[in-house]
$ cat run_10.pdb   # PDB, C-alpha atoms
ATOM      1  CA  LYS A  18     -30.466  15.739 -97.365
ATOM      2  CA  ALA A  19     -32.391  12.538 -96.734
ATOM      3  CA  MET A  20     -29.434  11.187 -94.780
ATOM      4  CA  LYS A  21     -29.250  14.365 -92.717
ATOM      5  CA  PHE A  22     -32.986  14.180 -91.999
ATOM      6  CA  LYS A  23     -32.663  10.543 -90.836
ATOM      7  CA  ILE A  24     -29.767  11.450 -88.493
ATOM      8  CA  THR A  25     -31.738  14.370 -87.059
ATOM      9  CA  LEU A  26     -34.814  12.205 -86.578
ATOM     10  CA  LEU A  27     -32.693   9.529 -84.906
ATOM     11  CA  TYR A  28     -31.159  12.158 -82.601
ATOM     12  CA  ILE A  29     -34.613  13.457 -81.624
ATOM     13  CA  CYS A  30     -35.823   9.924 -80.942
ATOM     14  CA  LEU A  31     -32.790   9.231 -78.766
ATOM     15  CA  LEU A  32     -33.321  12.463 -76.839
ATOM     16  CA  TYR A  33     -36.999  11.695 -76.282
ATOM     17  CA  SER A  34     -36.173   8.145 -75.260
ATOM     18  CA  SER A  35     -33.552   9.405 -72.849
ATOM     19  CA  TYR A  36     -35.971  11.972 -71.377
ATOM     20  CA  TRP A  37     -38.697   9.322 -70.988
ATOM     21  CA  SER A  38     -36.208   6.992 -69.351
ATOM     22  CA  PHE A  39     -35.206   9.674 -66.823
ATOM     23  CA  ALA A  40     -38.846  10.590 -66.142
ATOM     24  CA  GLN A  41     -39.700   6.939 -65.602
ATOM     25  CA  SER A  42     -36.636   6.562 -63.375
ATOM     26  CA  ASP A  43     -37.607   9.630 -61.268
ATOM     27  CA  SER A  44     -41.128   8.287 -60.885
ATOM     28  CA  GLU A  45     -39.800   4.929 -59.713
ATOM     29  CA  PHE A  46     -37.451   6.643 -57.228
ATOM     30  CA  ILE A  47     -40.311   8.750 -55.857
ATOM     31  CA  ASP A  48     -42.464   5.652 -55.379
ATOM     32  CA  HIS A  49     -39.526   3.878 -53.739
ATOM     33  CA  TYR A  50     -38.842   6.686 -51.251
ATOM     34  CA  LYS A  51     -42.518   7.105 -50.444
ATOM     35  CA  MET A  52     -42.624   3.428 -49.508
ATOM     36  CA  TYR A  53     -39.346   3.805 -47.587
ATOM     37  CA  TYR A  54     -40.760   6.857 -45.756
ATOM     38  CA  ALA A  55     -43.904   4.930 -44.785
ATOM     39  CA  GLN A  56     -41.790   2.021 -43.518
ATOM     40  CA  MET A  57     -39.532   4.296 -41.453
ATOM     41  CA  GLN A  58     -42.627   5.896 -39.919
ATOM     42  CA  LYS A  59     -43.932   2.465 -39.039
ATOM     43  CA  GLN A  60     -40.619   1.576 -37.375
ATOM     44  CA  GLY A  61     -40.329   4.943 -35.622
ATOM     45  CA  ASP A  62     -36.919   5.495 -37.229
ATOM     46  CA  VAL A  63     -36.582   9.290 -37.248
ATOM     47  CA  GLN A  64     -33.255   9.389 -39.081
ATOM     48  CA  GLY A  65     -34.700   7.072 -41.722
ATOM     49  CA  ILE A  66     -37.695   9.407 -42.061
ATOM     50  CA  ILE A  67     -35.353  12.395 -42.489
ATOM     51  CA  ASN A  68     -33.338  10.546 -45.150
ATOM     52  CA  ALA A  69     -36.484   9.591 -47.065
ATOM     53  CA  MET A  70     -37.891  13.127 -46.861
ATOM     54  CA  THR A  71     -34.592  14.584 -48.104
ATOM     55  CA  HIS A  72     -34.615  12.333 -51.184
ATOM     56  CA  LEU A  73     -38.269  13.125 -51.872
ATOM     57  CA  LEU A  74     -37.580  16.857 -51.533
ATOM     58  CA  VAL A  75     -34.811  16.608 -54.149
ATOM     59  CA  LEU A  76     -36.888  14.478 -56.523
ATOM     60  CA  GLU A  77     -40.212  16.250 -56.065
ATOM     61  CA  PRO A  78     -39.743  19.638 -54.311
ATOM     62  CA  ASN A  79     -42.698  21.275 -52.594
ATOM     63  CA  VAL A  80     -43.163  23.701 -49.699
ATOM     64  CA  ALA A  81     -45.158  21.360 -47.454
ATOM     65  CA  ARG A  82     -42.482  18.671 -47.730
ATOM     66  CA  LYS A  83     -39.717  21.169 -46.933
ATOM     67  CA  ASP A  84     -41.606  22.461 -43.874
ATOM     68  CA  THR A  85     -42.217  18.914 -42.643
ATOM     69  CA  LEU A  86     -38.545  17.978 -43.031
ATOM     70  CA  ALA A  87     -37.526  21.110 -41.121
ATOM     71  CA  ALA A  88     -39.978  20.161 -38.344
ATOM     72  CA  TYR A  89     -38.357  16.719 -38.068
ATOM     73  CA  TYR A  90     -34.943  18.391 -37.737
ATOM     74  CA  MET A  91     -36.284  20.739 -35.051
ATOM     75  CA  ASN A  92     -37.827  17.877 -33.067
ATOM     76  CA  GLU A  93     -34.442  16.134 -33.113
ATOM     77  CA  GLY A  94     -32.710  19.260 -31.794
ATOM     78  CA  LYS A  95     -31.016  19.895 -35.149
ATOM     79  CA  TYR A  96     -31.913  23.568 -35.205
ATOM     80  CA  LEU A  97     -29.240  24.718 -37.644
ATOM     81  CA  GLN A  98     -30.298  22.122 -40.207
ATOM     82  CA  ALA A  99     -33.922  23.239 -39.824
ATOM     83  CA  LEU A 100     -32.962  26.874 -40.392
ATOM     84  CA  ASN A 101     -30.695  25.983 -43.309
ATOM     85  CA  LEU A 102     -33.800  24.579 -44.993
ATOM     86  CA  LEU A 103     -36.185  27.422 -44.170
ATOM     87  CA  GLY A 104     -33.947  30.448 -43.689
ATOM     88  CA  ILE A 105     -34.323  32.985 -40.879
ATOM     89  CA  GLU A 106     -36.102  35.753 -42.769
ATOM     90  CA  LYS A 107     -39.432  37.178 -41.604
ATOM     91  CA  ASP A 108     -41.847  36.005 -44.294
ATOM     92  CA  THR A 109     -45.607  36.582 -44.066
ATOM     93  CA  LEU A 110     -46.117  33.872 -46.715
ATOM     94  CA  ASP A 111     -44.613  31.156 -44.484
ATOM     95  CA  SER A 112     -46.895  28.360 -43.299
ATOM     96  CA  ASN A 113     -47.723  28.127 -39.586
ATOM     97  CA  MET A 114     -45.439  25.114 -39.367
ATOM     98  CA  ALA A 115     -42.516  27.023 -40.897
ATOM     99  CA  LEU A 116     -43.038  29.959 -38.523
ATOM    100  CA  GLU A 117     -43.073  27.648 -35.503
ATOM    101  CA  VAL A 118     -39.942  25.806 -36.647
ATOM    102  CA  LYS A 119     -38.088  29.086 -37.219
ATOM    103  CA  ALA A 120     -39.245  30.524 -33.882
ATOM    104  CA  VAL A 121     -38.355  27.477 -31.779
ATOM    105  CA  SER A 122     -35.028  26.941 -33.579
ATOM    106  CA  LEU A 123     -33.949  30.583 -33.268
ATOM    107  CA  LYS A 124     -34.911  30.666 -29.580
ATOM    108  CA  SER A 125     -32.978  27.443 -28.972
ATOM    109  CA  LEU A 126     -29.929  28.949 -30.703
ATOM    110  CA  ASN A 127     -30.109  31.995 -28.405
ATOM    111  CA  GLU A 128     -31.407  34.419 -31.036
ATOM    112  CA  PRO A 129     -34.297  35.973 -29.047
ATOM    113  CA  ALA A 130     -34.825  39.051 -31.247
ATOM    114  CA  ARG A 131     -35.094  36.958 -34.419
ATOM    115  CA  ALA A 132     -37.242  34.355 -32.663
ATOM    116  CA  LEU A 133     -39.605  37.127 -31.553
ATOM    117  CA  GLU A 134     -40.225  38.137 -35.174
ATOM    118  CA  GLN A 135     -41.433  34.635 -36.001
ATOM    119  CA  TYR A 136     -43.522  34.262 -32.831
ATOM    120  CA  GLU A 137     -45.198  37.643 -33.461
ATOM    121  CA  LEU A 138     -46.252  36.541 -36.960
ATOM    122  CA  LEU A 139     -47.573  33.249 -35.597
ATOM    123  CA  PHE A 140     -49.411  34.975 -32.729
ATOM    124  CA  LYS A 141     -51.205  37.276 -35.192
ATOM    125  CA  ARG A 142     -52.590  34.171 -36.908
ATOM    126  CA  LEU A 143     -53.105  31.985 -33.841
ATOM    127  CA  PRO A 144     -53.383  34.051 -30.658
ATOM    128  CA  THR A 145     -53.068  31.468 -27.879
ATOM    129  CA  ALA A 146     -51.999  31.573 -24.242
ATOM    130  CA  SER A 147     -49.036  29.259 -24.898
ATOM    131  CA  LEU A 148     -47.721  31.550 -27.648
ATOM    132  CA  ALA A 149     -48.254  34.548 -25.363
ATOM    133  CA  TYR A 150     -45.968  32.804 -22.837
ATOM    134  CA  GLU A 151     -43.199  32.419 -25.405
ATOM    135  CA  LEU A 152     -43.556  36.064 -26.423
ATOM    136  CA  ALA A 153     -43.485  37.293 -22.826
ATOM    137  CA  ASP A 154     -40.458  35.148 -21.994
ATOM    138  CA  LEU A 155     -38.521  36.441 -25.025
ATOM    139  CA  LYS A 156     -39.526  40.057 -24.402
ATOM    140  CA  ILE A 157     -38.253  39.859 -20.827
ATOM    141  CA  SER A 158     -34.924  38.561 -22.167
ATOM    142  CA  THR A 159     -34.733  41.496 -24.628
ATOM    143  CA  ASN A 160     -35.802  44.034 -21.953
ATOM    144  CA  ASP A 161     -39.158  44.845 -23.531
ATOM    145  CA  ILE A 162     -40.897  44.759 -20.148
ATOM    146  CA  MET A 163     -43.974  46.699 -21.268
ATOM    147  CA  GLY A 164     -44.514  44.289 -24.174
ATOM    148  CA  ALA A 165     -43.943  41.308 -21.884
ATOM    149  CA  ASN A 166     -46.555  42.565 -19.400
ATOM    150  CA  LEU A 167     -49.122  42.884 -22.194
ATOM    151  CA  ASN A 168     -48.525  39.251 -23.186
ATOM    152  CA  ILE A 169     -48.631  38.148 -19.521
ATOM    153  CA  THR A 170     -51.988  39.890 -19.008
ATOM    154  CA  TYR A 171     -53.340  38.208 -22.155
ATOM    155  CA  GLY A 172     -51.980  34.829 -21.071
ATOM    156  CA  ILE A 173     -53.457  34.934 -17.562
ATOM    157  CA  ALA A 174     -56.845  35.966 -18.969
ATOM    158  CA  ASN A 175     -56.835  33.193 -21.577
ATOM    159  CA  SER A 176     -55.302  30.273 -19.642
ATOM    160  CA  THR A 177     -57.567  27.425 -18.572
ATOM    161  CA  GLU A 178     -57.005  24.978 -15.721
ATOM    162  CA  GLN A 179     -56.235  22.224 -18.227
ATOM    163  CA  MET A 180     -53.359  24.128 -19.880
ATOM    164  CA  MET A 181     -49.915  23.100 -18.649
ATOM    165  CA  LYS A 182     -46.429  24.493 -19.214
ATOM    166  CA  PRO A 183     -43.425  22.110 -19.296
ATOM    167  CA  TYR A 184     -40.027  23.074 -17.846
ATOM    168  CA  TYR A 185     -36.698  21.383 -18.512
ATOM    169  CA  GLU A 186     -34.093  22.981 -16.225
ATOM    170  CA  THR A 187     -34.016  19.894 -13.970
ATOM    171  CA  GLN A 188     -32.843  16.402 -14.882
ATOM    172  CA  THR A 189     -36.453  15.276 -14.884
ATOM    173  CA  PRO A 190     -38.779  17.591 -16.846
ATOM    174  CA  TYR A 191     -41.897  18.720 -14.999
ATOM    175  CA  GLN A 192     -44.939  20.873 -15.702
ATOM    176  CA  VAL A 193     -47.083  23.400 -13.879
ATOM    177  CA  PRO A 194     -50.391  25.051 -14.796
ATOM    178  CA  LEU A 195     -49.787  27.624 -17.536
ATOM    179  CA  LYS A 196     -51.443  30.349 -15.445
ATOM    180  CA  VAL A 197     -48.881  29.712 -12.706
ATOM    181  CA  GLY A 198     -46.147  29.983 -15.327
ATOM    182  CA  PHE A 199     -47.451  33.446 -16.163
ATOM    183  CA  MET A 200     -47.382  34.358 -12.468
ATOM    184  CA  TYR A 201     -43.704  33.413 -12.442
ATOM    185  CA  LEU A 202     -43.047  35.550 -15.536
ATOM    186  CA  LYS A 203     -44.881  38.460 -13.928
ATOM    187  CA  ALA A 204     -42.467  38.283 -11.000
ATOM    188  CA  ILE A 205     -39.425  38.144 -13.274
ATOM    189  CA  ALA A 206     -40.733  41.076 -15.336
ATOM    190  CA  LYS A 207     -41.271  43.099 -12.148
ATOM    191  CA  PHE A 208     -37.713  42.429 -11.025
ATOM    192  CA  ARG A 209     -36.208  43.214 -14.451
ATOM    193  CA  GLU A 210     -38.182  46.450 -14.545
ATOM    194  CA  ASN A 211     -35.841  47.795 -11.860
ATOM    195  CA  PRO A 212     -33.347  45.292 -10.396
ATOM    196  CA  GLU A 213     -32.132  47.893  -7.888
ATOM    197  CA  THR A 214     -35.455  48.517  -6.142
ATOM    198  CA  ASN A 215     -37.925  45.760  -7.050
ATOM    199  CA  HIS A 216     -36.566  42.874  -4.957
ATOM    200  CA  GLU A 217     -39.438  42.882  -2.457
ATOM    201  CA  ALA A 218     -42.187  43.229  -5.070
ATOM    202  CA  ALA A 219     -40.737  40.388  -7.158
ATOM    203  CA  ILE A 220     -40.346  38.106  -4.124
ATOM    204  CA  GLU A 221     -43.966  38.775  -3.116
ATOM    205  CA  LEU A 222     -45.117  37.712  -6.585
ATOM    206  CA  LEU A 223     -42.929  34.596  -6.427
ATOM    207  CA  ASP A 224     -44.360  33.757  -2.989
ATOM    208  CA  ALA A 225     -47.847  33.971  -4.491
ATOM    209  CA  THR A 226     -46.693  31.662  -7.305
ATOM    210  CA  LEU A 227     -45.219  29.135  -4.879
ATOM    211  CA  ALA A 228     -48.370  29.230  -2.759
ATOM    212  CA  VAL A 229     -50.154  27.625  -5.737
ATOM    213  CA  VAL A 230     -47.355  25.219  -6.744
ATOM    214  CA  PRO A 231     -44.869  24.892  -3.825
ATOM    215  CA  ASN A 232     -42.427  22.659  -5.751
ATOM    216  CA  PHE A 233     -42.166  24.932  -8.818
ATOM    217  CA  ASN A 234     -38.382  24.626  -9.115
ATOM    218  CA  LEU A 235     -37.748  27.575 -11.446
ATOM    219  CA  ALA A 236     -39.712  29.912  -9.152
ATOM    220  CA  ILE A 237     -37.736  28.632  -6.135
ATOM    221  CA  LEU A 238     -34.435  29.273  -7.955
ATOM    222  CA  ALA A 239     -35.564  32.766  -8.982
ATOM    223  CA  LYS A 240     -36.679  33.650  -5.438
ATOM    224  CA  ASN A 241     -33.362  32.494  -3.965
ATOM    225  CA  ALA A 242     -31.371  34.434  -6.585
ATOM    226  CA  ILE A 243     -33.357  37.653  -6.048
ATOM    227  CA  ALA A 244     -33.181  37.302  -2.257
ATOM    228  CA  SER A 245     -29.411  36.794  -2.547
ATOM    229  CA  GLN A 246     -29.050  39.956  -4.655
ATOM    230  CA  LYS A 247     -31.176  41.847  -2.131
ATOM    231  CA  THR A 248     -28.865  40.784   0.697
ATOM    232  CA  GLU A 249     -25.806  41.859  -1.312
ATOM    233  CA  THR A 250     -27.393  45.267  -1.996
ATOM    234  CA  VAL A 251     -28.179  45.797   1.709
ATOM    235  CA  THR A 252     -24.628  44.766   2.679
ATOM    236  CA  ASP A 253     -23.109  47.175   0.132
TER     237      ASP A 253
END

$ encode --input "run_10.pdb" --output "structure tokens"
Amino acid sequence: KAMKFKITLLYICLLYSSYWSFAQSDSEFIDHYKMYYAQMQKQGDVQGIINAMTHLLVLEPNVARKDTLAAYYMNEGKYLQALNLLGIEKDTLDSNMALEVKAVSLKSLNEPARALEQYELLFKRLPTASLAYELADLKISTNDIMGANLNITYGIANSTEQMMKPYYETQTPYQVPLKVGFMYLKAIAKFRENPETNHEAAIELLDATLAVVPNFNLAILAKNAIASQKTETVTD
């Protein structure tokens, strides 16, 4: 019995020692990757930051770290990886960062209906003109013209002169005042409301937009496309 007790005690000691060794090892790894993360930030090495964050998430999981890693993926255009981390479900418990990452990633992957769900949740928490633009843009693409017009009205009323909207359809990105961006969306919404009859009304709105910013490329492209469709309709 004494022998059996000694073996059991030895086994317990070994287990405890092993556990302590692993705990100490994990702690050392965490410290190492925190230092590595800080160094990668200092060097501006985004892939290094992602690698460090991934290791830290495995060693010491927490929601804030997961959201931050997903945001790094999103900023690098790795939208699938971001969504693999966060999922695509509508979750009212998500942080603002998680909602934004999901919304931007889903929109970039051409999932407007799912992106809308995330933007709506975010807008309820942080109603801003820039979020209203995203909502209006997505609602136009999903043919919710009434909903888009509500967001456009909100956006125009809440845009300041300092607020700008970037566009990326040209080789060199450019920006226009956010209020002018809403004027453009208003024209597109008017046209989409009835593409058979609203050519003139949409072109008038685009002319008003271009009167404020004459080199607004997206508005120029839209006006030319609508005018072309109008000509085709008249010819037919």

$ residues_near_point --input "run_10.pdb" --point "(-44.9, 21.3, -11.3)" --cutoff "8 Å" --atoms "all atoms listed in the file" --output "list in words"
Tyr191, Gln192, Val193, Pro194, Val230, Asn232, Phe233 and Asn234 of chain A

$ closest_residue --input "run_10.pdb" --among "A:Asn215, A:Ser44, A:Thr187, A:Asn79" --to "Leu238 of chain A" --atoms "only C-alpha atoms"
A:Thr187

$ atom_distance --input "run_10.pdb" --atom1 "atom CA of Glu134 of chain A" --atom2 "atom CA of Leu116 of chain A"
9.3 Å

$ resolve_selection --input "run_10.pdb" --expression "the PyMOL selection byres ((chain A and resi 64) around 12)" --output "list in words"
Tyr53, Tyr54, Met57, Gln58, Gln60, Gly61, Asp62, Val63, Gly65, Ile66, Ile67, Asn68, Ala69, Met70, Thr71, Leu86, Tyr89, Tyr90, Asn92, Glu93 and Lys95 of chain A

$ write_last_selection --input "run_10.pdb" --atoms "C-alpha atoms" --output "mmCIF file, in the coordinates of the input"
data_model
loop_
_atom_site.group_PDB
_atom_site.id
_atom_site.type_symbol
_atom_site.label_atom_id
_atom_site.label_comp_id
_atom_site.auth_asym_id
_atom_site.auth_seq_id
_atom_site.Cartn_x
_atom_site.Cartn_y
_atom_site.Cartn_z
ATOM 1 C CA TYR A 53 -39.346 3.805 -47.587
ATOM 2 C CA TYR A 54 -40.760 6.857 -45.756
ATOM 3 C CA MET A 57 -39.532 4.296 -41.453
ATOM 4 C CA GLN A 58 -42.627 5.896 -39.919
ATOM 5 C CA GLN A 60 -40.619 1.576 -37.375
ATOM 6 C CA GLY A 61 -40.329 4.943 -35.622
ATOM 7 C CA ASP A 62 -36.919 5.495 -37.229
ATOM 8 C CA VAL A 63 -36.582 9.290 -37.248
ATOM 9 C CA GLY A 65 -34.700 7.072 -41.722
ATOM 10 C CA ILE A 66 -37.695 9.407 -42.061
ATOM 11 C CA ILE A 67 -35.353 12.395 -42.489
ATOM 12 C CA ASN A 68 -33.338 10.546 -45.150
ATOM 13 C CA ALA A 69 -36.484 9.591 -47.065
ATOM 14 C CA MET A 70 -37.891 13.127 -46.861
ATOM 15 C CA THR A 71 -34.592 14.584 -48.104
ATOM 16 C CA LEU A 86 -38.545 17.978 -43.031
ATOM 17 C CA TYR A 89 -38.357 16.719 -38.068
ATOM 18 C CA TYR A 90 -34.943 18.391 -37.737
ATOM 19 C CA ASN A 92 -37.827 17.877 -33.067
ATOM 20 C CA GLU A 93 -34.442 16.134 -33.113
ATOM 21 C CA LYS A 95 -31.016 19.895 -35.149
#

$ resolve_selection --input "run_10.pdb" --expression "the PyMOL selection byres ((chain A and resi 170) around 10)" --output "PyMOL selection string"
chain A and resi 146+149+153+165-169+171-175+199-200+203

$ closest_residue --input "run_10.pdb" --among "A:Ile47, A:Ala99, A:Leu155, A:Met52" --to "Pro78 of chain A" --atoms "all atoms listed in the file"
A:Ile47

$ residues_around --input "run_10.pdb" --residues "Phe208 of chain A" --least-positions-apart "2" --cutoff "10 Å" --atoms "all atoms listed in the file" --output "PyMOL selection string"
chain A and resi 162+202-206+210-220+222+243

$ write_last_selection --input "run_10.pdb" --atoms "C-alpha atoms" --output "short mmCIF file (atom, residue, chain, number, x, y, z; two decimals), keeping the file's coordinate frame"
data_model
loop_
_atom_site.label_atom_id
_atom_site.label_comp_id
_atom_site.auth_asym_id
_atom_site.auth_seq_id
_atom_site.Cartn_x
_atom_site.Cartn_y
_atom_site.Cartn_z
CA ILE A 162 -40.90 44.76 -20.15
CA LEU A 202 -43.05 35.55 -15.54
CA LYS A 203 -44.88 38.46 -13.93
CA ALA A 204 -42.47 38.28 -11.00
CA ILE A 205 -39.42 38.14 -13.27
CA ALA A 206 -40.73 41.08 -15.34
CA GLU A 210 -38.18 46.45 -14.54
CA ASN A 211 -35.84 47.80 -11.86
CA PRO A 212 -33.35 45.29 -10.40
CA GLU A 213 -32.13 47.89 -7.89
CA THR A 214 -35.46 48.52 -6.14
CA ASN A 215 -37.92 45.76 -7.05
CA HIS A 216 -36.57 42.87 -4.96
CA GLU A 217 -39.44 42.88 -2.46
CA ALA A 218 -42.19 43.23 -5.07
CA ALA A 219 -40.74 40.39 -7.16
CA ILE A 220 -40.35 38.11 -4.12
CA LEU A 222 -45.12 37.71 -6.58
CA ILE A 243 -33.36 37.65 -6.05
#

$ resolve_selection --input "run_10.pdb" --expression "the PyMOL selection byres ((chain A and resi 121) around 12)" --output "PyMOL selection string"
chain A and resi 87-88+90-92+94-97+99-100+105+114-120+122-129+131-136+139+148+151-152+155

$ atom_distance --input "run_10.pdb" --atom1 "atom CA of Ala242 of chain A" --atom2 "atom CA of Met180 of chain A"
27.7 Å

$ residues_around --input "run_10.pdb" --residues "Leu76 of chain A" --least-positions-apart "2" --cutoff "8 Å" --atoms "all atoms listed in the file" --output "PyMOL selection string"
chain A and resi 43+46-47+72-74+78

$ atom_distance --input "run_10.pdb" --atom1 "atom CA of Asp84 of chain A" --atom2 "atom CA of Ala130 of chain A"
21.9 Å

$ closest_residue --input "run_10.pdb" --among "A:Tyr50, A:Lys207, A:Tyr184, A:Asp111" --to "Leu235 of chain A" --atoms "all atoms listed in the file"
A:Tyr184

$ build_atoms --input "run_10.pdb" --residues "segment 138-153 of chain A" --atoms "N, CA, C and O atoms" --output "tab-separated table (two decimals), keeping the file's coordinate frame"
chain	number	residue	atom	x	y	z
A	138	LEU	N	-45.47	36.90	-35.77
A	138	LEU	CA	-46.25	36.54	-36.96
A	138	LEU	C	-47.23	35.41	-36.66
A	138	LEU	O	-48.39	35.44	-37.07
A	139	LEU	N	-46.73	34.41	-35.93
A	139	LEU	CA	-47.57	33.25	-35.60
A	139	LEU	C	-48.71	33.66	-34.66
A	139	LEU	O	-49.85	33.21	-34.81
A	140	PHE	N	-48.40	34.54	-33.70
A	140	PHE	CA	-49.41	34.98	-32.73
A	140	PHE	C	-50.53	35.77	-33.41
A	140	PHE	O	-51.69	35.70	-33.00
A	141	LYS	N	-50.18	36.53	-34.45
A	141	LYS	CA	-51.20	37.28	-35.19
A	141	LYS	C	-52.21	36.33	-35.85
A	141	LYS	O	-53.39	36.63	-35.97
A	142	ARG	N	-51.71	35.17	-36.27
A	142	ARG	CA	-52.59	34.17	-36.91
A	142	ARG	C	-53.31	33.30	-35.88
A	142	ARG	O	-54.47	32.96	-36.05
A	143	LEU	N	-52.57	32.92	-34.84
A	143	LEU	CA	-53.10	31.98	-33.84
A	143	LEU	C	-52.85	32.52	-32.44
A	143	LEU	O	-51.94	32.05	-31.74
A	144	PRO	N	-53.61	33.50	-32.00
A	144	PRO	CA	-53.38	34.05	-30.66
A	144	PRO	C	-53.80	33.06	-29.57
A	144	PRO	O	-54.97	32.83	-29.33
A	145	THR	N	-52.80	32.44	-28.94
A	145	THR	CA	-53.07	31.47	-27.88
A	145	THR	C	-52.27	31.84	-26.64
A	145	THR	O	-51.28	32.57	-26.71
A	146	ALA	N	-52.69	31.30	-25.50
A	146	ALA	CA	-52.00	31.57	-24.24
A	146	ALA	C	-50.57	31.02	-24.27
A	146	ALA	O	-49.64	31.66	-23.76
A	147	SER	N	-50.38	29.86	-24.86
A	147	SER	CA	-49.04	29.26	-24.90
A	147	SER	C	-48.07	30.10	-25.74
A	147	SER	O	-46.90	30.26	-25.39
A	148	LEU	N	-48.57	30.67	-26.85
A	148	LEU	CA	-47.72	31.55	-27.65
A	148	LEU	C	-47.45	32.86	-26.91
A	148	LEU	O	-46.36	33.43	-27.00
A	149	ALA	N	-48.45	33.33	-26.16
A	149	ALA	CA	-48.25	34.55	-25.36
A	149	ALA	C	-47.14	34.33	-24.34
A	149	ALA	O	-46.36	35.25	-24.06
A	150	TYR	N	-47.05	33.11	-23.79
A	150	TYR	CA	-45.97	32.80	-22.84
A	150	TYR	C	-44.61	32.94	-23.51
A	150	TYR	O	-43.68	33.55	-22.95
A	151	GLU	N	-44.48	32.35	-24.69
A	151	GLU	CA	-43.20	32.42	-25.40
A	151	GLU	C	-42.82	33.87	-25.70
A	151	GLU	O	-41.66	34.27	-25.55
A	152	LEU	N	-43.80	34.66	-26.12
A	152	LEU	CA	-43.56	36.06	-26.42
A	152	LEU	C	-43.12	36.82	-25.17
A	152	LEU	O	-42.15	37.60	-25.21
A	153	ALA	N	-43.82	36.60	-24.07
A	153	ALA	CA	-43.48	37.29	-22.83
A	153	ALA	C	-42.08	36.92	-22.35
A	153	ALA	O	-41.29	37.79	-21.96
